[in-house]
Amino acid sequence: MTKRLISIDDLNKFTFTGSPTLSPDNNSAVYVVTRVDNKNNDYVSSLYFVDGSSEPRQLTYDRPGDRSIKNHRPCFSKDGHKIYFLSNRTGKSQVWLLSLDGGDSRVLTDFKEDVSDFVLSPDESMLVCQTPIEEEKQIENDDVTVVNRLRYLANGRGIISSNEGLVLYHIQNRQKILLTDKARNAFNPAFSPDGKKLFFCQSKAEPDKTDYLCDIYVYDFLTNQTSLFYKAKGGIFDIQVSPDGHLIAFAGKEDGECSPGNIAIWLVPDTGGQVRNLTENEQQSLGNYVGTDARFDEGCPVFLWNENGQSLIYLVQNGPVSGLKCIDLDGNASLLHMEENEVITSFDAKKGMIAAVISAPSSTGDLYFIGNDGTAEQVSDHNRKLFDEFDLAEPVPFTFKGADDWDIDGWVMFPPKSVKTEDKIPVVLEIHGGPASAYGYSFNHEFQCLAAEGYAVVFTNPRGSRGYGVAFCGACYNDWGRKDKEDILRGLDYVLDHYLVCDRSRQFVTGGSYGGFMTNTIVGTTDRFSAAVTQRSICNLYSFFGTSDIGYYFLKRYFNGADLWTDEEKLMSFSPIRNAPRVTTPICVIHSEEDHRCPIEQAEQWYMALRRLGVETRFVRIKGENHELSRSGRPKNRLARLHEIIAWFNKYNSTFASHVDR
């Protein structure tokens, strides 16, 4: 079969696998498949059933219409014959029930607003649903918005006019009881095994001081009372109760709001008392932070209890890969499954069996069953026919010396063999966001498209990246654009020095979020690049404080407690806008108009400054999108973004080629 090059438009053909859940007998699983809905410029998701012995079977079908239907967050009944799940097929996301023995699914809940999460009581008579609790209007004029909270904006949401509450829903009579404080956010409900208590996270009582932090509360069904169970000392999430009900486990950090520390598993007795870090000897952080633009996986908690209650399974990242480990109650950990070129994005575990979604450089992710011996059997292969068509680039790993002589991971992807290249290949440097994320062994559509266009793509995990320990992750604190920039550029230099086919005279750079900040920093401190594309970027840390939905605490975290009123000069000294007069690199600025994480005012400042200074600059504003454009934005806008990136680089690559020809 003749292979073809991947294209930007192939995004519309991908299938994405996620959110596996095992049946109670561990012999089968249900998972979510997401595809592009070209008609509605959106995405649709369906539930699939698989038992490992036959092809996956689609469970939910949705009639074509004017709205994209999303079925997701599946949950088995105790007997394994029914599936509870969320669906928006009636207009709002509600909890539905589907029998595996046949028949149509039916809606169970009737909330006014979307249900974003739910948990089923042990006796299956009740649901606890997470849904917005609207605040009372302070003024009747809809043209007037009154703000009275610290964090009043949220990326992907806009102005916050409600809190997330937990509502007890009796399935039989549809009675609803609000269990949480309507003036605070609540999430992550978890029943005790006997159904007598509900544990959940709820934001702290003083939101103007710690708006994004929470404590653990417990609702007692015998007394109908809610009480504070554990006062956390950092960011926490993923509450899970042990099978015997005697231990409450949660994920998070307990060393304040400004720490680069690892996310760990913490245990506290069900009676309250001293908390214990179960994974204190684990060198890496729980979870998976390997980024990609080709994933739709809501995932699961980053850890799960084993049925015996004597151990837990957790997801952990090790550099560019992620896998699963098991840890007993004494803190002894063992490796369950981790391969050198794979990334596990979500999993479920029951009775010695694990269902996991595993992705790789040539796969957007598929479902695998992992046995007690750690071997993995692939049970879905949704993209195989499509990917068999592609002549893909393969990441070539390398390790180089960064600043302070540290070992840094990097990769280069050369154009596939079917690309007709010149004697010398132009190079694109890609910089990840975060900075506490990472590149690794995931399929990346943008990188593949650039390689198919004839570029060598270089990407690295400089200091600040997750997956390399606390010291490495925290090494960019109070030092953005300094030694991290040195790490990044040394990685590019390594490729230019060791792969002589790469053209030193045609270097390009791009990145998003923190990667956009770094792109802006780089073009303000060097003129080595022929062109740049900065995406959802930051140029002014001072104004970022008050305009970003996270700026007021994010800067404090990364710049040693910096505030506007005491550290103006410090924040401005790190801000790329200071070096705008030094920029000579032609730059394309791509930004979503509803990005509240890195607000578009950052792009506006950067564009206006550069144009005023005579730099060749293009400003691409994308309506209706937020900070997640490259990962989950509407398909047409994601395609437009990729076209803009490649067209900008091609313009200056062609300019060089024309100059050489003359």
# chains A, B, ... in the order shown; residues from 1 in each chain; ligands from 1

$ select_by_dssp --residues "stretch 398-619 of chain A" --states "strand (DSSP E)" --output "NGL selection string"
:A and (398-401 or 407-413 or 425-431 or 456-461 or 502-512 or 531-535 or 587-592 or 617-619)

$ select_by_dssp --residues "stretch 310-543 of chain A" --states "helix (DSSP H, G or I)" --output "number ranges by chain"
A: 384-387, 403-405, 445-452, 470-476, 483-498, 514-523, 541-543

$ closest_residue --among "A:Tyr607, A:Phe472, A:Tyr542, A:Tyr217" --to "A:Ser575" --atoms "only C-alpha atoms"
A:Tyr542

$ residues_around --residues "A:Ala376" --least-positions-apart "3" --cutoff "10 Å" --atoms "only C-alpha atoms" --output "list in words"
His337, Ile354, Ala355, Ala356, Ile358, Leu367, Tyr368, Phe369, Ile370, Gly371, Asn372, Asp373 and Val379 of chain A

$ write_last_selection --atoms "N, CA, C and O atoms" --output "PDB file, in the first residue's frame"
ATOM      1  N   HIS A 337       2.948  -1.398  35.050  1.00  0.00           N
ATOM      2  CA  HIS A 337       3.097  -1.318  33.594  1.00  0.00           C
ATOM      3  C   HIS A 337       3.618   0.060  33.215  1.00  0.00           C
ATOM      4  O   HIS A 337       2.991   1.074  33.532  1.00  0.00           O
ATOM      5  N   ILE A 354      -6.751  -4.510  34.641  1.00  0.00           N
ATOM      6  CA  ILE A 354      -6.689  -3.068  34.405  1.00  0.00           C
ATOM      7  C   ILE A 354      -7.122  -2.797  32.971  1.00  0.00           C
ATOM      8  O   ILE A 354      -6.695  -3.482  32.037  1.00  0.00           O
ATOM      9  N   ALA A 355      -7.999  -1.830  32.797  1.00  0.00           N
ATOM     10  CA  ALA A 355      -8.329  -1.306  31.472  1.00  0.00           C
ATOM     11  C   ALA A 355      -7.689   0.070  31.375  1.00  0.00           C
ATOM     12  O   ALA A 355      -7.914   0.923  32.234  1.00  0.00           O
ATOM     13  N   ALA A 356      -6.877   0.288  30.358  1.00  0.00           N
ATOM     14  CA  ALA A 356      -6.137   1.547  30.250  1.00  0.00           C
ATOM     15  C   ALA A 356      -6.138   2.047  28.819  1.00  0.00           C
ATOM     16  O   ALA A 356      -6.110   1.262  27.869  1.00  0.00           O
ATOM     17  N   ILE A 358      -3.911   3.779  26.181  1.00  0.00           N
ATOM     18  CA  ILE A 358      -2.479   3.951  25.947  1.00  0.00           C
ATOM     19  C   ILE A 358      -2.274   4.604  24.591  1.00  0.00           C
ATOM     20  O   ILE A 358      -2.823   4.151  23.580  1.00  0.00           O
ATOM     21  N   LEU A 367      -7.707   1.345  23.708  1.00  0.00           N
ATOM     22  CA  LEU A 367      -7.964   0.632  24.954  1.00  0.00           C
ATOM     23  C   LEU A 367      -7.163  -0.663  25.004  1.00  0.00           C
ATOM     24  O   LEU A 367      -7.102  -1.419  24.021  1.00  0.00           O
ATOM     25  N   TYR A 368      -6.570  -0.923  26.180  1.00  0.00           N
ATOM     26  CA  TYR A 368      -5.806  -2.138  26.430  1.00  0.00           C
ATOM     27  C   TYR A 368      -6.286  -2.768  27.727  1.00  0.00           C
ATOM     28  O   TYR A 368      -6.670  -2.075  28.669  1.00  0.00           O
ATOM     29  N   PHE A 369      -6.226  -4.098  27.782  1.00  0.00           N
ATOM     30  CA  PHE A 369      -6.407  -4.826  29.029  1.00  0.00           C
ATOM     31  C   PHE A 369      -5.027  -5.238  29.530  1.00  0.00           C
ATOM     32  O   PHE A 369      -4.248  -5.856  28.797  1.00  0.00           O
ATOM     33  N   ILE A 370      -4.724  -4.899  30.773  1.00  0.00           N
ATOM     34  CA  ILE A 370      -3.431  -5.223  31.368  1.00  0.00           C
ATOM     35  C   ILE A 370      -3.657  -6.231  32.481  1.00  0.00           C
ATOM     36  O   ILE A 370      -4.430  -5.981  33.418  1.00  0.00           O
ATOM     37  N   GLY A 371      -2.995  -7.386  32.394  1.00  0.00           N
ATOM     38  CA  GLY A 371      -3.166  -8.447  33.378  1.00  0.00           C
ATOM     39  C   GLY A 371      -2.229  -8.318  34.561  1.00  0.00           C
ATOM     40  O   GLY A 371      -1.435  -7.376  34.672  1.00  0.00           O
ATOM     41  N   ASN A 372      -2.292  -9.294  35.462  1.00  0.00           N
ATOM     42  CA  ASN A 372      -1.473  -9.285  36.672  1.00  0.00           C
ATOM     43  C   ASN A 372       0.015  -9.313  36.376  1.00  0.00           C
ATOM     44  O   ASN A 372       0.825  -8.831  37.175  1.00  0.00           O
ATOM     45  N   ASP A 373       0.386  -9.885  35.246  1.00  0.00           N
ATOM     46  CA  ASP A 373       1.805  -9.972  34.910  1.00  0.00           C
ATOM     47  C   ASP A 373       2.319  -8.725  34.200  1.00  0.00           C
ATOM     48  O   ASP A 373       3.489  -8.663  33.804  1.00  0.00           O
ATOM     49  N   VAL A 379      -7.325  -3.987  22.758  1.00  0.00           N
ATOM     50  CA  VAL A 379      -8.683  -4.454  22.482  1.00  0.00           C
ATOM     51  C   VAL A 379      -9.494  -3.465  21.642  1.00  0.00           C
ATOM     52  O   VAL A 379     -10.644  -3.729  21.316  1.00  0.00           O
TER      53      VAL A 379
END

$ residues_around --residues "A:Phe517" --least-positions-apart "3" --cutoff "6 Å" --atoms "only C-alpha atoms" --output "list in words"
Tyr514, Asn520, Ser537 and Ile538 of chain A

$ write_last_selection --atoms "all heavy atoms" --output "tab-separated table (two decimals), in the first residue's frame"
chain	number	residue	atom	x	y	z
A	514	TYR	N	2.86	29.32	28.30
A	514	TYR	CA	4.24	29.54	28.72
A	514	TYR	C	5.19	29.42	27.53
A	514	TYR	O	6.18	30.15	27.43
A	514	TYR	CB	4.61	28.55	29.82
A	514	TYR	CG	6.09	28.41	30.08
A	514	TYR	CD1	6.76	29.31	30.91
A	514	TYR	CD2	6.81	27.36	29.52
A	514	TYR	CE1	8.12	29.17	31.16
A	514	TYR	CE2	8.16	27.21	29.77
A	514	TYR	CZ	8.81	28.12	30.59
A	514	TYR	OH	10.16	27.97	30.82
A	520	ASN	N	8.14	34.75	22.85
A	520	ASN	CA	8.30	36.20	22.91
A	520	ASN	C	9.64	36.60	23.53
A	520	ASN	O	10.30	37.54	23.08
A	520	ASN	CB	7.16	36.82	23.73
A	520	ASN	CG	5.81	36.62	23.08
A	520	ASN	OD1	5.71	36.34	21.89
A	520	ASN	ND2	4.75	36.77	23.86
A	537	SER	N	-0.16	33.71	24.23
A	537	SER	CA	1.08	34.02	24.93
A	537	SER	C	0.92	35.06	26.02
A	537	SER	O	-0.14	35.67	26.19
A	537	SER	CB	2.13	34.50	23.92
A	537	SER	OG	1.82	35.80	23.47
A	538	ILE	N	2.00	35.28	26.75
A	538	ILE	CA	2.13	36.33	27.75
A	538	ILE	C	3.29	37.23	27.33
A	538	ILE	O	4.34	36.73	26.93
A	538	ILE	CB	2.42	35.74	29.15
A	538	ILE	CG1	1.32	34.78	29.58
A	538	ILE	CG2	2.60	36.85	30.18
A	538	ILE	CD1	1.66	33.99	30.83

$ atom_distance --atom1 "atom CA of A:Ser442" --atom2 "atom CA of A:Ser359"
5.8 Å

$ residues_around --residues "A:Glu486" --least-positions-apart "2" --cutoff "10 Å" --atoms "only C-alpha atoms" --output "JSON, numbers by chain"
{"A": [402, 403, 404, 462, 463, 481, 482, 483, 484, 488, 489, 490, 491, 492, 522]}

$ write_last_selection --atoms "C-alpha atoms" --output "PDB file, in the first residue's frame"
ATOM      1  CA  GLY A 402      21.402  22.252  29.489  1.00  0.00           C
ATOM      2  CA  ALA A 403      22.235  25.115  31.810  1.00  0.00           C
ATOM      3  CA  ASP A 404      24.129  24.073  34.958  1.00  0.00           C
ATOM      4  CA  PRO A 462      13.600  22.059  29.850  1.00  0.00           C
ATOM      5  CA  ARG A 463      13.711  22.748  33.577  1.00  0.00           C
ATOM      6  CA  GLY A 481      13.205  33.150  30.422  1.00  0.00           C
ATOM      7  CA  ARG A 482      16.650  32.640  31.918  1.00  0.00           C
ATOM      8  CA  LYS A 483      18.102  29.162  32.420  1.00  0.00           C
ATOM      9  CA  ASP A 484      14.978  27.522  30.986  1.00  0.00           C
ATOM     10  CA  ILE A 488      15.696  25.135  25.167  1.00  0.00           C
ATOM     11  CA  LEU A 489      18.220  26.802  22.879  1.00  0.00           C
ATOM     12  CA  ARG A 490      20.944  24.344  23.826  1.00  0.00           C
ATOM     13  CA  GLY A 491      18.623  21.560  22.703  1.00  0.00           C
ATOM     14  CA  LEU A 492      18.199  23.236  19.343  1.00  0.00           C
ATOM     15  CA  ILE A 522      13.506  34.425  22.646  1.00  0.00           C
TER      16      ILE A 522
END

$ residues_around --residues "A:Glu604" --least-positions-apart "5" --cutoff "12 Å" --atoms "only C-alpha atoms" --output "JSON list (two decimals) with N, CA and C atoms, in the first residue's frame"
[["chain", "number", "residue", "atom", "x", "y", "z"],
["A", 536, "ARG", "N", -1.38, 32.07, 22.23],
["A", 536, "ARG", "CA", -1.97, 32.26, 23.57],
["A", 536, "ARG", "C", -0.89, 32.67, 24.57],
["A", 537, "SER", "N", -0.16, 33.71, 24.23],
["A", 537, "SER", "CA", 1.08, 34.02, 24.93],
["A", 537, "SER", "C", 0.92, 35.06, 26.02],
["A", 538, "ILE", "N", 2.00, 35.28, 26.75],
["A", 538, "ILE", "CA", 2.13, 36.33, 27.75],
["A", 538, "ILE", "C", 3.29, 37.23, 27.33],
["A", 539, "CYS", "N", 3.08, 38.54, 27.43],
["A", 539, "CYS", "CA", 4.18, 39.47, 27.16],
["A", 539, "CYS", "C", 4.41, 40.43, 28.32],
["A", 540, "ASN", "N", 3.39, 40.58, 29.20],
["A", 540, "ASN", "CA", 3.48, 41.56, 30.28],
["A", 540, "ASN", "C", 2.96, 40.93, 31.57],
["A", 543, "SER", "N", 0.50, 43.25, 33.91],
["A", 543, "SER", "CA", -0.93, 43.31, 33.60],
["A", 543, "SER", "C", -1.58, 41.94, 33.65],
["A", 577, "ILE", "N", 7.74, 42.27, 26.93],
["A", 577, "ILE", "CA", 7.43, 43.59, 26.38],
["A", 577, "ILE", "C", 8.60, 44.55, 26.57],
["A", 589, "VAL", "N", 1.10, 36.42, 15.62],
["A", 589, "VAL", "CA", 0.49, 36.34, 16.95],
["A", 589, "VAL", "C", -0.89, 35.69, 16.80],
["A", 590, "ILE", "N", -1.07, 34.50, 17.37],
["A", 590, "ILE", "CA", -2.34, 33.78, 17.30],
["A", 590, "ILE", "C", -2.95, 33.74, 18.69],
["A", 591, "HIS", "N", -4.19, 34.21, 18.82],
["A", 591, "HIS", "CA", -4.79, 34.27, 20.16],
["A", 591, "HIS", "C", -6.31, 34.14, 20.06],
["A", 592, "SER", "N", -6.88, 33.42, 21.01],
["A", 592, "SER", "CA", -8.34, 33.28, 21.08],
["A", 592, "SER", "C", -8.94, 34.45, 21.84],
["A", 593, "GLU", "N", -10.06, 34.95, 21.35],
["A", 593, "GLU", "CA", -10.65, 36.15, 21.93],
["A", 593, "GLU", "C", -11.28, 35.90, 23.30],
["A", 598, "CYS", "N", -4.63, 33.24, 29.47],
["A", 598, "CYS", "CA", -3.67, 34.24, 28.98],
["A", 598, "CYS", "C", -4.49, 35.20, 28.12],
["A", 599, "PRO", "N", -5.01, 36.25, 28.71],
["A", 599, "PRO", "CA", -6.01, 37.10, 28.04],
["A", 599, "PRO", "C", -5.48, 37.73, 26.75],
["A", 609, "ALA", "N", 2.89, 46.91, 20.13],
["A", 609, "ALA", "CA", 4.27, 47.34, 20.35],
["A", 609, "ALA", "C", 5.15, 47.01, 19.15],
["A", 610, "LEU", "N", 5.02, 45.79, 18.63],
["A", 610, "LEU", "CA", 5.89, 45.38, 17.53],
["A", 610, "LEU", "C", 5.56, 46.13, 16.24],
["A", 611, "ARG", "N", 4.27, 46.33, 15.97],
["A", 611, "ARG", "CA", 3.91, 47.09, 14.77],
["A", 611, "ARG", "C", 4.40, 48.53, 14.88],
["A", 612, "ARG", "N", 4.25, 49.10, 16.05],
["A", 612, "ARG", "CA", 4.71, 50.47, 16.28],
["A", 612, "ARG", "C", 6.21, 50.59, 16.06],
["A", 617, "THR", "N", 4.57, 41.95, 11.57],
["A", 617, "THR", "CA", 3.75, 41.21, 12.54],
["A", 617, "THR", "C", 2.36, 40.97, 11.97],
["A", 618, "ARG", "N", 1.86, 39.78, 12.20],
["A", 618, "ARG", "CA", 0.50, 39.41, 11.78],
["A", 618, "ARG", "C", -0.27, 38.99, 13.03],
["A", 619, "PHE", "N", -1.48, 39.52, 13.20],
["A", 619, "PHE", "CA", -2.29, 39.24, 14.38],
["A", 619, "PHE", "C", -3.51, 38.44, 13.94],
["A", 620, "VAL", "N", -3.60, 37.21, 14.41],
["A", 620, "VAL", "CA", -4.72, 36.32, 14.07],
["A", 620, "VAL", "C", -5.57, 36.15, 15.32],
["A", 621, "ARG", "N", -6.76, 36.74, 15.32],
["A", 621, "ARG", "CA", -7.71, 36.67, 16.43],
["A", 621, "ARG", "C", -8.78, 35.63, 16.09]]

$ closest_atom_pairs --of "stretch 296-382 of chain A" --to "stretch 627-643 of chain A" --cutoff "12 Å" --atoms "only C-alpha atoms" --output "JSON lines"
{"residue": "A:Phe296", "atom": "CA", "partner": "A:Ser632", "partner_atom": "CA", "distance": 7.8}
{"residue": "A:Asp297", "atom": "CA", "partner": "A:Ser632", "partner_atom": "CA", "distance": 10.9}
{"residue": "A:Glu298", "atom": "CA", "partner": "A:Ser632", "partner_atom": "CA", "distance": 11.9}

$ closest_residue --among "A:Leu555, A:Ala251, A:Ala562, A:Ile431" --to "A:Thr519" --atoms "only C-alpha atoms"
A:Ile431

$ closest_atom_pairs --of "stretch 90-142 of chain A" --to "stretch 153-168 of chain A" --cutoff "8 Å" --atoms "only C-alpha atoms" --output "Markdown table"
| residue | atom | partner | partner_atom | distance |
| --- | --- | --- | --- | --- |
| A:Met126 | CA | A:Leu168 | CA | 6.9 |
| A:Leu127 | CA | A:Leu168 | CA | 5.9 |
| A:Val128 | CA | A:Leu168 | CA | 4.5 |
| A:Cys129 | CA | A:Val167 | CA | 5.3 |
| A:Gln130 | CA | A:Leu166 | CA | 4.7 |
| A:Thr131 | CA | A:Glu164 | CA | 5.5 |
| A:Pro132 | CA | A:Glu164 | CA | 4.5 |
| A:Ile133 | CA | A:Asn163 | CA | 5.4 |
| A:Glu134 | CA | A:Ser162 | CA | 4.4 |
| A:Glu135 | CA | A:Ser162 | CA | 5.4 |

$ write_last_selection --atoms "all heavy atoms" --output "PDB file, in the first residue's frame"
ATOM      1  N   MET A 126     -29.825   6.446  44.809  1.00  0.00           N
ATOM      2  CA  MET A 126     -29.574   7.888  44.764  1.00  0.00           C
ATOM      3  C   MET A 126     -28.364   8.200  43.893  1.00  0.00           C
ATOM      4  O   MET A 126     -27.471   7.373  43.710  1.00  0.00           O
ATOM      5  CB  MET A 126     -29.326   8.425  46.177  1.00  0.00           C
ATOM      6  CG  MET A 126     -30.484   8.259  47.132  1.00  0.00           C
ATOM      7  SD  MET A 126     -30.070   8.886  48.793  1.00  0.00           S
ATOM      8  CE  MET A 126     -28.829   7.697  49.324  1.00  0.00           C
ATOM      9  N   LEU A 127     -28.381   9.402  43.379  1.00  0.00           N
ATOM     10  CA  LEU A 127     -27.235   9.975  42.695  1.00  0.00           C
ATOM     11  C   LEU A 127     -26.837  11.246  43.438  1.00  0.00           C
ATOM     12  O   LEU A 127     -27.688  11.940  43.988  1.00  0.00           O
ATOM     13  CB  LEU A 127     -27.572  10.344  41.250  1.00  0.00           C
ATOM     14  CG  LEU A 127     -27.998   9.232  40.300  1.00  0.00           C
ATOM     15  CD1 LEU A 127     -28.687   9.837  39.080  1.00  0.00           C
ATOM     16  CD2 LEU A 127     -26.782   8.408  39.866  1.00  0.00           C
ATOM     17  N   VAL A 128     -25.563  11.534  43.456  1.00  0.00           N
ATOM     18  CA  VAL A 128     -25.113  12.859  43.860  1.00  0.00           C
ATOM     19  C   VAL A 128     -24.546  13.506  42.604  1.00  0.00           C
ATOM     20  O   VAL A 128     -23.603  12.993  41.998  1.00  0.00           O
ATOM     21  CB  VAL A 128     -24.069  12.811  44.979  1.00  0.00           C
ATOM     22  CG1 VAL A 128     -23.498  14.201  45.229  1.00  0.00           C
ATOM     23  CG2 VAL A 128     -24.693  12.263  46.256  1.00  0.00           C
ATOM     24  N   CYS A 129     -25.152  14.608  42.203  1.00  0.00           N
ATOM     25  CA  CYS A 129     -24.813  15.248  40.939  1.00  0.00           C
ATOM     26  C   CYS A 129     -24.151  16.602  41.174  1.00  0.00           C
ATOM     27  O   CYS A 129     -24.599  17.382  42.033  1.00  0.00           O
ATOM     28  CB  CYS A 129     -26.069  15.452  40.085  1.00  0.00           C
ATOM     29  SG  CYS A 129     -26.902  13.910  39.648  1.00  0.00           S
ATOM     30  N   GLN A 130     -23.129  16.863  40.404  1.00  0.00           N
ATOM     31  CA  GLN A 130     -22.491  18.185  40.433  1.00  0.00           C
ATOM     32  C   GLN A 130     -23.120  19.042  39.352  1.00  0.00           C
ATOM     33  O   GLN A 130     -23.133  18.682  38.172  1.00  0.00           O
ATOM     34  CB  GLN A 130     -20.990  18.062  40.200  1.00  0.00           C
ATOM     35  CG  GLN A 130     -20.251  19.396  40.212  1.00  0.00           C
ATOM     36  CD  GLN A 130     -18.763  19.230  39.995  1.00  0.00           C
ATOM     37  OE1 GLN A 130     -18.170  18.241  40.409  1.00  0.00           O
ATOM     38  NE2 GLN A 130     -18.149  20.204  39.325  1.00  0.00           N
ATOM     39  N   THR A 131     -23.657  20.195  39.762  1.00  0.00           N
ATOM     40  CA  THR A 131     -24.362  21.067  38.824  1.00  0.00           C
ATOM     41  C   THR A 131     -24.274  22.508  39.313  1.00  0.00           C
ATOM     42  O   THR A 131     -24.113  22.747  40.521  1.00  0.00           O
ATOM     43  CB  THR A 131     -25.841  20.626  38.697  1.00  0.00           C
ATOM     44  OG1 THR A 131     -26.484  21.369  37.669  1.00  0.00           O
ATOM     45  CG2 THR A 131     -26.587  20.802  40.001  1.00  0.00           C
ATOM     46  N   PRO A 132     -24.361  23.493  38.433  1.00  0.00           N
ATOM     47  CA  PRO A 132     -24.284  24.892  38.870  1.00  0.00           C
ATOM     48  C   PRO A 132     -25.466  25.289  39.751  1.00  0.00           C
ATOM     49  O   PRO A 132     -26.607  24.916  39.488  1.00  0.00           O
ATOM     50  CB  PRO A 132     -24.302  25.673  37.549  1.00  0.00           C
ATOM     51  CG  PRO A 132     -23.862  24.704  36.513  1.00  0.00           C
ATOM     52  CD  PRO A 132     -24.377  23.378  36.967  1.00  0.00           C
ATOM     53  N   ILE A 133     -25.160  26.052  40.801  1.00  0.00           N
ATOM     54  CA  ILE A 133     -26.182  26.632  41.667  1.00  0.00           C
ATOM     55  C   ILE A 133     -26.153  28.132  41.435  1.00  0.00           C
ATOM     56  O   ILE A 133     -25.219  28.823  41.847  1.00  0.00           O
ATOM     57  CB  ILE A 133     -25.916  26.309  43.148  1.00  0.00           C
ATOM     58  CG1 ILE A 133     -25.722  24.799  43.343  1.00  0.00           C
ATOM     59  CG2 ILE A 133     -27.037  26.854  44.013  1.00  0.00           C
ATOM     60  CD1 ILE A 133     -26.912  23.961  42.953  1.00  0.00           C
ATOM     61  N   GLU A 134     -27.150  28.629  40.742  1.00  0.00           N
ATOM     62  CA  GLU A 134     -27.158  30.035  40.346  1.00  0.00           C
ATOM     63  C   GLU A 134     -27.265  30.962  41.560  1.00  0.00           C
ATOM     64  O   GLU A 134     -27.997  30.687  42.501  1.00  0.00           O
ATOM     65  CB  GLU A 134     -28.322  30.317  39.388  1.00  0.00           C
ATOM     66  CG  GLU A 134     -28.158  29.721  38.004  1.00  0.00           C
ATOM     67  CD  GLU A 134     -27.041  30.346  37.213  1.00  0.00           C
ATOM     68  OE1 GLU A 134     -26.768  31.549  37.420  1.00  0.00           O
ATOM     69  OE2 GLU A 134     -26.430  29.634  36.392  1.00  0.00           O
ATOM     70  N   GLU A 135     -26.513  32.050  41.502  1.00  0.00           N
ATOM     71  CA  GLU A 135     -26.601  33.069  42.536  1.00  0.00           C
ATOM     72  C   GLU A 135     -27.841  33.939  42.312  1.00  0.00           C
ATOM     73  O   GLU A 135     -28.328  34.068  41.193  1.00  0.00           O
ATOM     74  CB  GLU A 135     -25.350  33.955  42.514  1.00  0.00           C
ATOM     75  CG  GLU A 135     -24.067  33.214  42.823  1.00  0.00           C
ATOM     76  CD  GLU A 135     -22.860  34.132  42.717  1.00  0.00           C
ATOM     77  OE1 GLU A 135     -22.961  35.163  42.027  1.00  0.00           O
ATOM     78  OE2 GLU A 135     -21.821  33.817  43.314  1.00  0.00           O
TER      79      GLU A 135
END

$ residues_around --residues "stretch 524-527 of chain A" --least-positions-apart "2" --cutoff "10 Å" --atoms "only C-alpha atoms" --output "PDB file with C-alpha atoms, in the first residue's frame"
ATOM      1  CA  GLY A 481      13.205  33.150  30.422  1.00  0.00           C
ATOM      2  CA  MET A 518       9.192  31.853  25.897  1.00  0.00           C
ATOM      3  CA  THR A 519       8.772  32.503  22.172  1.00  0.00           C
ATOM      4  CA  ASN A 520       8.301  36.204  22.908  1.00  0.00           C
ATOM      5  CA  THR A 521      11.315  36.143  25.224  1.00  0.00           C
ATOM      6  CA  ILE A 522      13.506  34.425  22.646  1.00  0.00           C
ATOM      7  CA  PHE A 529      15.128  32.805  13.916  1.00  0.00           C
ATOM      8  CA  SER A 530      13.765  33.456  10.437  1.00  0.00           C
ATOM      9  CA  ALA A 531      10.179  33.720  11.761  1.00  0.00           C
ATOM     10  CA  PRO A 576       9.057  40.197  27.063  1.00  0.00           C
ATOM     11  CA  ILE A 577       7.430  43.585  26.378  1.00  0.00           C
ATOM     12  CA  ARG A 578      10.563  45.197  27.850  1.00  0.00           C
ATOM     13  CA  ASN A 579      12.588  43.801  24.952  1.00  0.00           C
ATOM     14  CA  ALA A 580      10.122  44.724  22.196  1.00  0.00           C
ATOM     15  CA  PRO A 581      12.573  47.319  20.731  1.00  0.00           C
ATOM     16  CA  ARG A 582      15.093  44.507  20.203  1.00  0.00           C
ATOM     17  CA  VAL A 583      12.762  42.286  18.165  1.00  0.00           C
ATOM     18  CA  THR A 584      13.560  41.914  14.477  1.00  0.00           C
ATOM     19  CA  THR A 585      12.029  38.467  13.858  1.00  0.00           C
ATOM     20  CA  PRO A 586       8.822  38.446  11.769  1.00  0.00           C
TER      21      PRO A 586
END

$ closest_residue --among "A:Val458, A:Leu150, A:Ile171, A:Leu247" --to "A:Lys209" --atoms "only C-alpha atoms"
A:Leu150

$ closest_residue --among "A:Ala393, A:Leu304, A:Val218, A:Leu386" --to "A:Phe14" --atoms "only C-alpha atoms"
A:Leu386

$ closest_residue --among "A:Tyr61, A:Tyr212, A:Phe16, A:Phe76" --to "A:Asp348" --atoms "only C-alpha atoms"
A:Phe76

$ decode --residues "stretch 612-616 of chain A" --atoms "N, CA and C atoms" --output "tab-separated table (two decimals), in the first residue's frame"
chain	number	residue	atom	x	y	z
A	612	ARG	N	4.25	49.10	16.05
A	612	ARG	CA	4.71	50.47	16.28
A	612	ARG	C	6.21	50.59	16.06
A	613	LEU	N	6.93	49.50	16.36
A	613	LEU	CA	8.38	49.49	16.23
A	613	LEU	C	8.84	49.03	14.84
A	614	GLY	N	7.89	48.74	13.97
A	614	GLY	CA	8.24	48.42	12.59
A	614	GLY	C	8.55	46.95	12.33
A	615	VAL	N	8.21	46.07	13.27
A	615	VAL	CA	8.44	44.64	13.07
A	615	VAL	C	7.32	44.06	12.22
A	616	GLU	N	7.66	43.20	11.29
A	616	GLU	CA	6.63	42.58	10.46
A	616	GLU	C	5.82	41.62	11.34
